[in-house]
>>> print(open('coords.pdb').read())   # PDB, C-alpha atoms, pLDDT in the B column
ATOM      1  CA  MET P 252     -13.529   9.969 -42.352  1.00 44.00           C
ATOM      2  CA  ASP P 253     -13.435  13.619 -41.462  1.00 40.00           C
ATOM      3  CA  SER P 254     -11.944  15.588 -44.332  1.00 35.00           C
ATOM      4  CA  LYS P 255     -10.780  18.317 -41.944  1.00 39.00           C
ATOM      5  CA  VAL P 256      -8.162  16.031 -40.393  1.00 40.00           C
ATOM      6  CA  THR P 257      -7.556  13.759 -43.362  1.00 43.00           C
ATOM      7  CA  PRO P 258      -4.082  14.199 -44.877  1.00 47.00           C
ATOM      8  CA  LYS P 259      -4.123  15.299 -48.515  1.00 48.00           C
ATOM      9  CA  GLY P 260      -4.226  12.326 -50.871  1.00 70.00           C
ATOM     10  CA  ASP P 261      -5.932   9.996 -48.381  1.00 81.00           C
ATOM     11  CA  ARG P 262      -9.430  10.547 -49.712  1.00 92.00           C
ATOM     12  CA  PRO P 263     -10.682   8.687 -52.780  1.00 95.00           C
ATOM     13  CA  GLN P 264     -11.990  10.640 -55.729  1.00 94.00           C
ATOM     14  CA  ILE P 265     -15.525   9.740 -56.774  1.00 94.00           C
ATOM     15  CA  ILE P 266     -15.169   9.921 -60.555  1.00 93.00           C
ATOM     16  CA  SER P 267     -18.821   9.224 -61.295  1.00 92.00           C
ATOM     17  CA  ARG P 268     -21.917   8.063 -59.475  1.00 90.00           C
ATOM     18  CA  ALA P 269     -23.206   6.645 -62.752  1.00 89.00           C
ATOM     19  CA  SER P 270     -22.012   4.592 -65.677  1.00 89.00           C
ATOM     20  CA  LEU P 271     -18.976   5.869 -67.568  1.00 92.00           C
ATOM     21  CA  SER P 272     -18.941   5.752 -71.336  1.00 92.00           C
ATOM     22  CA  GLN P 273     -16.079   3.880 -72.939  1.00 92.00           C
ATOM     23  CA  GLU P 274     -14.673   7.231 -74.082  1.00 95.00           C
ATOM     24  CA  GLN P 275     -14.783   8.705 -70.545  1.00 94.00           C
ATOM     25  CA  LEU P 276     -13.112   5.605 -69.133  1.00 94.00           C
ATOM     26  CA  SER P 277     -10.451   5.686 -71.860  1.00 94.00           C
ATOM     27  CA  ASP P 278      -9.791   9.370 -71.175  1.00 94.00           C
ATOM     28  CA  PHE P 279      -9.388   8.739 -67.444  1.00 95.00           C
ATOM     29  CA  LEU P 280      -7.065   5.786 -68.008  1.00 95.00           C
ATOM     30  CA  ALA P 281      -4.983   7.815 -70.487  1.00 95.00           C
ATOM     31  CA  ALA P 282      -4.594  10.587 -67.895  1.00 95.00           C
ATOM     32  CA  HIS P 283      -3.610   8.088 -65.187  1.00 94.00           C
ATOM     33  CA  ALA P 284      -1.073   5.821 -66.875  1.00 93.00           C
ATOM     34  CA  GLY P 285      -0.508   2.623 -64.931  1.00 94.00           C
ATOM     35  CA  VAL P 286      -3.796   2.685 -63.042  1.00 96.00           C
ATOM     36  CA  THR P 287      -5.294  -0.719 -62.228  1.00 96.00           C
ATOM     37  CA  VAL P 288      -9.038  -1.129 -62.792  1.00 97.00           C
ATOM     38  CA  VAL P 289     -10.895  -3.226 -60.233  1.00 97.00           C
ATOM     39  CA  ASP P 290     -14.376  -4.065 -61.483  1.00 97.00           C
ATOM     40  CA  ALA P 291     -16.500  -5.397 -58.628  1.00 97.00           C
ATOM     41  CA  TYR P 292     -19.808  -4.125 -60.002  1.00 95.00           C
ATOM     42  CA  GLN P 293     -21.227  -7.291 -61.617  1.00 94.00           C
ATOM     43  CA  GLN P 294     -20.317  -9.480 -58.636  1.00 95.00           C
ATOM     44  CA  GLN P 295     -21.922  -6.943 -56.311  1.00 95.00           C
ATOM     45  CA  ILE P 296     -25.117  -6.936 -58.415  1.00 93.00           C
ATOM     46  CA  GLU P 297     -25.228 -10.733 -58.115  1.00 93.00           C
ATOM     47  CA  ASP P 298     -24.637 -10.488 -54.361  1.00 94.00           C
ATOM     48  CA  LEU P 299     -27.453  -7.926 -54.057  1.00 93.00           C
ATOM     49  CA  GLN P 300     -29.787 -10.287 -55.920  1.00 92.00           C
ATOM     50  CA  ALA P 301     -28.817 -13.083 -53.534  1.00 92.00           C
ATOM     51  CA  ILE P 302     -29.882 -10.998 -50.524  1.00 91.00           C
ATOM     52  CA  HIS P 303     -33.096  -9.918 -52.301  1.00 86.00           C
ATOM     53  CA  TYR P 304     -32.080  -6.266 -52.412  1.00 83.00           C
ATOM     54  CA  GLU P 305     -34.111  -3.964 -54.656  1.00 80.00           C
ATOM     55  CA  ILE P 306     -31.693  -3.688 -57.594  1.00 72.00           C
ATOM     56  CA  ASP P 307     -31.318  -0.424 -59.444  1.00 72.00           C
ATOM     57  CA  ALA P 308     -28.711   0.937 -61.844  1.00 65.00           C
ATOM     58  CA  GLU P 309     -26.799   2.646 -59.032  1.00 85.00           C
ATOM     59  CA  GLU P 310     -23.097   2.419 -59.693  1.00 92.00           C
ATOM     60  CA  ALA P 311     -19.946   4.410 -59.077  1.00 96.00           C
ATOM     61  CA  TRP P 312     -16.371   4.794 -60.237  1.00 97.00           C
ATOM     62  CA  VAL P 313     -13.896   5.578 -57.439  1.00 97.00           C
ATOM     63  CA  TYR P 314     -10.211   6.416 -57.831  1.00 97.00           C
ATOM     64  CA  TYR P 315      -7.812   5.629 -54.964  1.00 97.00           C
ATOM     65  CA  PRO P 316      -4.713   7.797 -55.562  1.00 95.00           C
ATOM     66  CA  TRP P 317      -2.554   6.071 -52.905  1.00 94.00           C
ATOM     67  CA  ALA P 318      -3.068   2.684 -54.569  1.00 94.00           C
ATOM     68  CA  ASP P 319      -3.423   3.978 -58.148  1.00 95.00           C
ATOM     69  CA  LYS P 320      -6.598   1.910 -58.540  1.00 97.00           C
ATOM     70  CA  LEU P 321      -9.923   2.711 -60.155  1.00 97.00           C
ATOM     71  CA  LEU P 322     -12.845   0.825 -58.621  1.00 98.00           C
ATOM     72  CA  HIS P 323     -16.129   0.172 -60.424  1.00 97.00           C
ATOM     73  CA  CYS P 324     -18.700  -0.646 -57.756  1.00 97.00           C
ATOM     74  CA  VAL P 325     -22.306  -0.264 -56.693  1.00 95.00           C
ATOM     75  CA  GLY P 326     -23.419   3.045 -55.174  1.00 94.00           C
ATOM     76  CA  SER P 327     -23.492   4.075 -51.539  1.00 93.00           C
ATOM     77  CA  ASP P 328     -26.799   2.571 -50.382  1.00 92.00           C
ATOM     78  CA  ALA P 329     -26.325  -0.721 -52.225  1.00 93.00           C
ATOM     79  CA  LEU P 330     -22.769  -1.023 -50.883  1.00 95.00           C
ATOM     80  CA  PHE P 331     -24.042  -0.370 -47.360  1.00 94.00           C
ATOM     81  CA  ALA P 332     -26.690  -3.088 -47.796  1.00 93.00           C
ATOM     82  CA  LEU P 333     -24.054  -5.585 -48.941  1.00 94.00           C
ATOM     83  CA  ARG P 334     -21.522  -4.689 -46.255  1.00 94.00           C
ATOM     84  CA  THR P 335     -24.036  -4.887 -43.400  1.00 95.00           C
ATOM     85  CA  ASN P 336     -26.201  -7.777 -44.627  1.00 94.00           C
ATOM     86  CA  ARG P 337     -24.843 -10.208 -42.024  1.00 93.00           C
ATOM     87  CA  ASN P 338     -25.512  -7.720 -39.221  1.00 94.00           C
ATOM     88  CA  LYS P 339     -29.249  -8.392 -39.582  1.00 91.00           C
ATOM     89  CA  LEU P 340     -28.762 -11.415 -37.329  1.00 90.00           C
ATOM     90  CA  LEU P 341     -27.441  -9.087 -34.619  1.00 94.00           C
ATOM     91  CA  ILE P 342     -29.449  -5.866 -34.885  1.00 95.00           C
ATOM     92  CA  THR P 343     -32.530  -4.558 -36.664  1.00 95.00           C
ATOM     93  CA  ALA P 344     -32.410  -2.547 -39.897  1.00 92.00           C
ATOM     94  CA  GLU P 345     -33.546   0.527 -37.949  1.00 95.00           C
ATOM     95  CA  GLU P 346     -30.712   0.110 -35.419  1.00 96.00           C
ATOM     96  CA  GLN P 347     -28.197  -0.376 -38.241  1.00 96.00           C
ATOM     97  CA  GLU P 348     -29.368   2.823 -39.948  1.00 95.00           C
ATOM     98  CA  ARG P 349     -29.169   4.745 -36.665  1.00 96.00           C
ATOM     99  CA  LEU P 350     -25.600   3.491 -36.178  1.00 96.00           C
ATOM    100  CA  ARG P 351     -24.767   4.480 -39.763  1.00 96.00           C
ATOM    101  CA  ARG P 352     -25.751   8.087 -39.007  1.00 96.00           C
ATOM    102  CA  ALA P 353     -23.791   8.224 -35.728  1.00 96.00           C
ATOM    103  CA  VAL P 354     -20.557  10.205 -35.578  1.00 97.00           C
ATOM    104  CA  VAL P 355     -17.629   8.415 -33.927  1.00 97.00           C
ATOM    105  CA  GLY P 356     -14.421  10.052 -32.713  1.00 97.00           C
ATOM    106  CA  VAL P 357     -11.194   8.137 -31.997  1.00 96.00           C
ATOM    107  CA  ALA P 358      -7.974   9.707 -30.724  1.00 96.00           C
ATOM    108  CA  GLY P 359      -4.673   7.864 -30.933  1.00 94.00           C
ATOM    109  CA  MET P 360      -4.173   5.383 -33.745  1.00 92.00           C
ATOM    110  CA  SER P 361      -1.962   2.863 -31.975  1.00 88.00           C
ATOM    111  CA  VAL P 362      -4.883   0.959 -30.491  1.00 88.00           C
ATOM    112  CA  GLY P 363      -7.497   3.383 -31.817  1.00 94.00           C
ATOM    113  CA  SER P 364      -6.998   2.339 -35.430  1.00 94.00           C
ATOM    114  CA  GLY P 365      -8.551  -1.035 -34.602  1.00 93.00           C
ATOM    115  CA  ILE P 366     -11.523   0.704 -33.022  1.00 95.00           C
ATOM    116  CA  ALA P 367     -11.976   3.059 -35.978  1.00 96.00           C
ATOM    117  CA  LEU P 368     -11.694   0.236 -38.513  1.00 95.00           C
ATOM    118  CA  GLY P 369     -13.989  -1.976 -36.443  1.00 95.00           C
ATOM    119  CA  CYS P 370     -16.660   0.705 -36.685  1.00 95.00           C
ATOM    120  CA  VAL P 371     -16.231   0.932 -40.454  1.00 95.00           C
ATOM    121  CA  TYR P 372     -16.268  -2.861 -40.883  1.00 94.00           C
ATOM    122  CA  SER P 373     -19.511  -3.087 -38.895  1.00 94.00           C
ATOM    123  CA  GLY P 374     -21.248  -0.231 -40.683  1.00 94.00           C
ATOM    124  CA  ILE P 375     -21.131   1.898 -37.552  1.00 94.00           C
ATOM    125  CA  SER P 376     -20.877   5.505 -38.676  1.00 94.00           C
ATOM    126  CA  ASP P 377     -20.334   6.932 -42.108  1.00 94.00           C
ATOM    127  CA  THR P 378     -18.400   9.646 -40.250  1.00 96.00           C
ATOM    128  CA  VAL P 379     -15.434   8.458 -38.190  1.00 95.00           C
ATOM    129  CA  LYS P 380     -13.250  11.314 -36.989  1.00 96.00           C
ATOM    130  CA  ILE P 381      -9.742  10.171 -36.154  1.00 94.00           C
ATOM    131  CA  ALA P 382      -6.768  12.039 -34.744  1.00 95.00           C
ATOM    132  CA  ASP P 383      -3.090  11.248 -34.304  1.00 95.00           C
ATOM    133  CA  ARG P 384      -0.057  13.415 -35.075  1.00 94.00           C
ATOM    134  CA  ASP P 385       2.497  10.635 -34.837  1.00 95.00           C
ATOM    135  CA  THR P 386       4.144   8.552 -37.547  1.00 95.00           C
ATOM    136  CA  LEU P 387       4.315   4.782 -37.498  1.00 95.00           C
ATOM    137  CA  ASP P 388       7.440   3.375 -35.849  1.00 96.00           C
ATOM    138  CA  THR P 389       8.590  -0.233 -35.876  1.00 96.00           C
ATOM    139  CA  SER P 390       7.866  -0.318 -32.129  1.00 95.00           C
ATOM    140  CA  ASN P 391       4.150   0.303 -32.918  1.00 93.00           C
ATOM    141  CA  LEU P 392       3.836  -2.936 -34.896  1.00 94.00           C
ATOM    142  CA  ASN P 393       3.018  -4.947 -31.767  1.00 93.00           C
ATOM    143  CA  ARG P 394      -0.419  -3.322 -31.656  1.00 90.00           C
ATOM    144  CA  LEU P 395      -1.217  -2.235 -35.217  1.00 89.00           C
ATOM    145  CA  ARG P 396      -2.170  -4.309 -38.234  1.00 89.00           C
ATOM    146  CA  GLU P 397       0.505  -2.780 -40.394  1.00 92.00           C
ATOM    147  CA  SER P 398       3.795  -3.952 -41.820  1.00 94.00           C
ATOM    148  CA  LEU P 399       7.361  -2.758 -42.077  1.00 96.00           C
ATOM    149  CA  LEU P 400       6.403  -1.243 -45.443  1.00 95.00           C
ATOM    150  CA  SER P 401       4.282   1.321 -43.581  1.00 94.00           C
ATOM    151  CA  VAL P 402       6.960   2.491 -41.123  1.00 97.00           C
ATOM    152  CA  GLY P 403       7.447   6.254 -41.333  1.00 96.00           C
ATOM    153  CA  GLN P 404       3.961   6.982 -42.684  1.00 94.00           C
ATOM    154  CA  PRO P 405       1.551   9.148 -40.658  1.00 95.00           C
ATOM    155  CA  LYS P 406      -0.502   6.943 -38.349  1.00 94.00           C
ATOM    156  CA  LEU P 407      -3.569   8.888 -39.439  1.00 93.00           C
ATOM    157  CA  SER P 408      -3.155   7.924 -43.105  1.00 93.00           C
ATOM    158  CA  LEU P 409      -3.169   4.179 -42.594  1.00 92.00           C
ATOM    159  CA  PRO P 410      -6.647   3.624 -41.070  1.00 93.00           C
ATOM    160  CA  THR P 411      -8.037   6.484 -43.164  1.00 95.00           C
ATOM    161  CA  GLN P 412      -7.038   4.761 -46.392  1.00 95.00           C
ATOM    162  CA  ARG P 413      -8.301   1.361 -45.203  1.00 94.00           C
ATOM    163  CA  SER P 414     -11.607   2.946 -44.184  1.00 95.00           C
ATOM    164  CA  TYR P 415     -12.121   4.524 -47.596  1.00 96.00           C
ATOM    165  CA  GLU P 416     -11.183   1.248 -49.275  1.00 96.00           C
ATOM    166  CA  LEU P 417     -14.121  -0.293 -47.374  1.00 96.00           C
ATOM    167  CA  ASN P 418     -16.493   2.643 -47.779  1.00 96.00           C
ATOM    168  CA  PRO P 419     -15.476   5.191 -50.418  1.00 96.00           C
ATOM    169  CA  PHE P 420     -18.662   7.162 -49.704  1.00 95.00           C
ATOM    170  CA  ALA P 421     -17.797   7.931 -46.071  1.00 93.00           C
ATOM    171  CA  ALA P 422     -18.121  11.544 -44.985  1.00 86.00           C
TER     172      ALA P 422
END
>>> encode(input="coords.pdb", output="structure tokens")
Amino acid sequence: MDSKVTPKGDRPQIISRASLSQEQLSDFLAAHAGVTVVDAYQQQIEDLQAIHYEIDAEEAWVYYPWADKLLHCVGSDALFALRTNRNKLLITAEEQERLRRAVVGVAGMSVGSGIALGCVYSGISDTVKIADRDTLDTSNLNRLRESLLSVGQPKLSLPTQRSYELNPFAA
């Protein structure tokens, strides 16, 4: 997501691109009372082994302020390999990497949010620039995958947050 148009608080905070000591983790949790830790790292390592990915110690800790969650996961390249593994039946690794480097722009989040999220789901573009100045109204729910709980929020925030929840390393 483009940080120039991203509302404040809609970007995750990369705490560390390496292992955290128990003391560092304890300090972070003490400073963020009530945070939920989601530890996907070990499962992701097992998934990488299953797809015969060259395993390394790459890991990351990512804090999502809007959800008050701290995610322990594999690093950027390993996450990309996991997320796009099934695409290999559709396109070559070279094509997938070229798509990853592409920049996509989407204006209008009523229908555009599906397009933007579709790109992120498919591993198309680490940089998706989105624009919309409107807030979500109940009348928008016929074309957006949102709920009544999201009414009144900026339309830009909703796909931005979902995108970063899929790829915290996006530009």
>>> closest_residue(input="coords.pdb", among="P:Ala291, P:Ile375, P:Val313, P:Ala281", to="Gln264 of chain P", atoms="all atoms listed in the file")
P:Val313
>>> closest_residue(input="coords.pdb", among="P:Val402, P:Ala344, P:Ala311, P:Ile302", to="Leu271 of chain P", atoms="all atoms listed in the file")
P:Ala311
>>> atom_distance(input="coords.pdb", atom1="atom CA of Gln412 of chain P", atom2="atom CA of Asp261 of chain P")
5.7 Å
>>> residues_around(input="coords.pdb", residues="Leu280 of chain P", least_positions_apart="4", cutoff="12 Å", atoms="all atoms listed in the file", output="number ranges by chain")
P: 266, 271, 273-276, 284-288, 314, 319-321
>>> closest_residue(input="coords.pdb", among="P:Arg351, P:Arg394, P:His303, P:Arg337", to="Phe420 of chain P", atoms="all atoms listed in the file")
P:Arg351
>>> resolve_selection(input="coords.pdb", expression="the PyMOL selection byres ((chain P and resi 371) around 10)", output="ChimeraX atom specification")
/P:252,334,351,365-370,372-379,410,413-415,417-418,421
>>> write_last_selection(input="coords.pdb", atoms="C-alpha atoms", output="PDB file, in the coordinates of the input")
ATOM      1  CA  MET P 252     -13.529   9.969 -42.352  1.00 44.00           C
ATOM      2  CA  ARG P 334     -21.522  -4.689 -46.255  1.00 94.00           C
ATOM      3  CA  ARG P 351     -24.767   4.480 -39.763  1.00 96.00           C
ATOM      4  CA  GLY P 365      -8.551  -1.035 -34.602  1.00 93.00           C
ATOM      5  CA  ILE P 366     -11.523   0.704 -33.022  1.00 95.00           C
ATOM      6  CA  ALA P 367     -11.976   3.059 -35.978  1.00 96.00           C
ATOM      7  CA  LEU P 368     -11.694   0.236 -38.513  1.00 95.00           C
ATOM      8  CA  GLY P 369     -13.989  -1.976 -36.443  1.00 95.00           C
ATOM      9  CA  CYS P 370     -16.660   0.705 -36.685  1.00 95.00           C
ATOM     10  CA  TYR P 372     -16.268  -2.861 -40.883  1.00 94.00           C
ATOM     11  CA  SER P 373     -19.511  -3.087 -38.895  1.00 94.00           C
ATOM     12  CA  GLY P 374     -21.248  -0.231 -40.683  1.00 94.00           C
ATOM     13  CA  ILE P 375     -21.131   1.898 -37.552  1.00 94.00           C
ATOM     14  CA  SER P 376     -20.877   5.505 -38.676  1.00 94.00           C
ATOM     15  CA  ASP P 377     -20.334   6.932 -42.108  1.00 94.00           C
ATOM     16  CA  THR P 378     -18.400   9.646 -40.250  1.00 96.00           C
ATOM     17  CA  VAL P 379     -15.434   8.458 -38.190  1.00 95.00           C
ATOM     18  CA  PRO P 410      -6.647   3.624 -41.070  1.00 93.00           C
ATOM     19  CA  ARG P 413      -8.301   1.361 -45.203  1.00 94.00           C
ATOM     20  CA  SER P 414     -11.607   2.946 -44.184  1.00 95.00           C
ATOM     21  CA  TYR P 415     -12.121   4.524 -47.596  1.00 96.00           C
ATOM     22  CA  LEU P 417     -14.121  -0.293 -47.374  1.00 96.00           C
ATOM     23  CA  ASN P 418     -16.493   2.643 -47.779  1.00 96.00           C
ATOM     24  CA  ALA P 421     -17.797   7.931 -46.071  1.00 93.00           C
TER      25      ALA P 421
END
>>> resolve_selection(input="coords.pdb", expression="the PyMOL selection byres ((chain P and resi 358-362) around 6)", output="compact mmCIF listing (two decimals) with C-alpha atoms, keeping the file's coordinate frame")
# COMPACT_ATOMS: atom_id res chain seq x y z
CA VAL P 357 -11.19 8.14 -32.00
CA GLY P 363 -7.50 3.38 -31.82
CA SER P 364 -7.00 2.34 -35.43
CA GLY P 365 -8.55 -1.03 -34.60
CA ILE P 381 -9.74 10.17 -36.15
CA ALA P 382 -6.77 12.04 -34.74
CA ASP P 383 -3.09 11.25 -34.30
>>> atom_distance(input="coords.pdb", atom1="atom CA of Ile265 of chain P", atom2="atom CA of Glu397 of chain P")
26.1 Å
>>> atom_distance(input="coords.pdb", atom1="atom CA of Ile306 of chain P", atom2="atom CA of Val325 of chain P")
10.0 Å
>>> residues_around(input="coords.pdb", residues="Ser270 of chain P", least_positions_apart="2", cutoff="8 Å", atoms="all atoms listed in the file", output="PDB file with C-alpha atoms, in the frame of the given file")
ATOM      1  CA  SER P 267     -18.821   9.224 -61.295  1.00 92.00           C
ATOM      2  CA  ARG P 268     -21.917   8.063 -59.475  1.00 90.00           C
ATOM      3  CA  SER P 272     -18.941   5.752 -71.336  1.00 92.00           C
ATOM      4  CA  GLU P 310     -23.097   2.419 -59.693  1.00 92.00           C
ATOM      5  CA  ALA P 311     -19.946   4.410 -59.077  1.00 96.00           C
ATOM      6  CA  TRP P 312     -16.371   4.794 -60.237  1.00 97.00           C
TER       7      TRP P 312
END
>>> build_atoms(input="coords.pdb", residues="segment 340-353 of chain P", atoms="N, CA, C and O atoms", output="CSV table (one decimal), keeping the file's coordinate frame")
chain,number,residue,atom,x,y,z
P,340,LEU,N,-28.6,-10.4,-38.4
P,340,LEU,CA,-28.8,-11.4,-37.3
P,340,LEU,C,-28.4,-10.9,-35.9
P,340,LEU,O,-28.7,-11.5,-34.9
P,341,LEU,N,-27.8,-9.7,-35.9
P,341,LEU,CA,-27.4,-9.1,-34.6
P,341,LEU,C,-28.3,-7.9,-34.2
P,341,LEU,O,-28.6,-7.7,-33.0
P,342,ILE,N,-28.7,-7.1,-35.2
P,342,ILE,CA,-29.4,-5.9,-34.9
P,342,ILE,C,-30.5,-5.7,-36.0
P,342,ILE,O,-30.4,-6.2,-37.1
P,343,THR,N,-31.5,-4.8,-35.7
P,343,THR,CA,-32.5,-4.6,-36.7
P,343,THR,C,-32.0,-3.6,-37.7
P,343,THR,O,-31.0,-2.9,-37.5
P,344,ALA,N,-32.8,-3.5,-38.8
P,344,ALA,CA,-32.4,-2.5,-39.9
P,344,ALA,C,-32.5,-1.1,-39.4
P,344,ALA,O,-31.6,-0.3,-39.8
P,345,GLU,N,-33.4,-0.8,-38.5
P,345,GLU,CA,-33.5,0.5,-37.9
P,345,GLU,C,-32.3,0.9,-37.1
P,345,GLU,O,-31.8,2.0,-37.1
P,346,GLU,N,-31.9,-0.1,-36.3
P,346,GLU,CA,-30.7,0.1,-35.4
P,346,GLU,C,-29.5,0.3,-36.3
P,346,GLU,O,-28.6,1.1,-36.0
P,347,GLN,N,-29.4,-0.5,-37.3
P,347,GLN,CA,-28.2,-0.4,-38.2
P,347,GLN,C,-28.2,1.0,-38.9
P,347,GLN,O,-27.1,1.6,-39.0
P,348,GLU,N,-29.3,1.5,-39.3
P,348,GLU,CA,-29.4,2.8,-39.9
P,348,GLU,C,-29.0,3.9,-38.9
P,348,GLU,O,-28.4,4.9,-39.3
P,349,ARG,N,-29.5,3.8,-37.7
P,349,ARG,CA,-29.2,4.7,-36.7
P,349,ARG,C,-27.7,4.8,-36.4
P,349,ARG,O,-27.0,5.8,-36.3
P,350,LEU,N,-27.1,3.6,-36.4
P,350,LEU,CA,-25.6,3.5,-36.2
P,350,LEU,C,-24.9,4.1,-37.4
P,350,LEU,O,-23.8,4.8,-37.2
P,351,ARG,N,-25.4,3.9,-38.6
P,351,ARG,CA,-24.8,4.5,-39.8
P,351,ARG,C,-24.7,6.0,-39.7
P,351,ARG,O,-23.7,6.6,-40.1
P,352,ARG,N,-25.7,6.6,-39.1
P,352,ARG,CA,-25.8,8.1,-39.0
P,352,ARG,C,-25.0,8.6,-37.8
P,352,ARG,O,-24.7,9.8,-37.7
P,353,ALA,N,-24.6,7.8,-36.9
P,353,ALA,CA,-23.8,8.2,-35.7
P,353,ALA,C,-22.4,8.8,-36.2
P,353,ALA,O,-21.9,8.4,-37.2
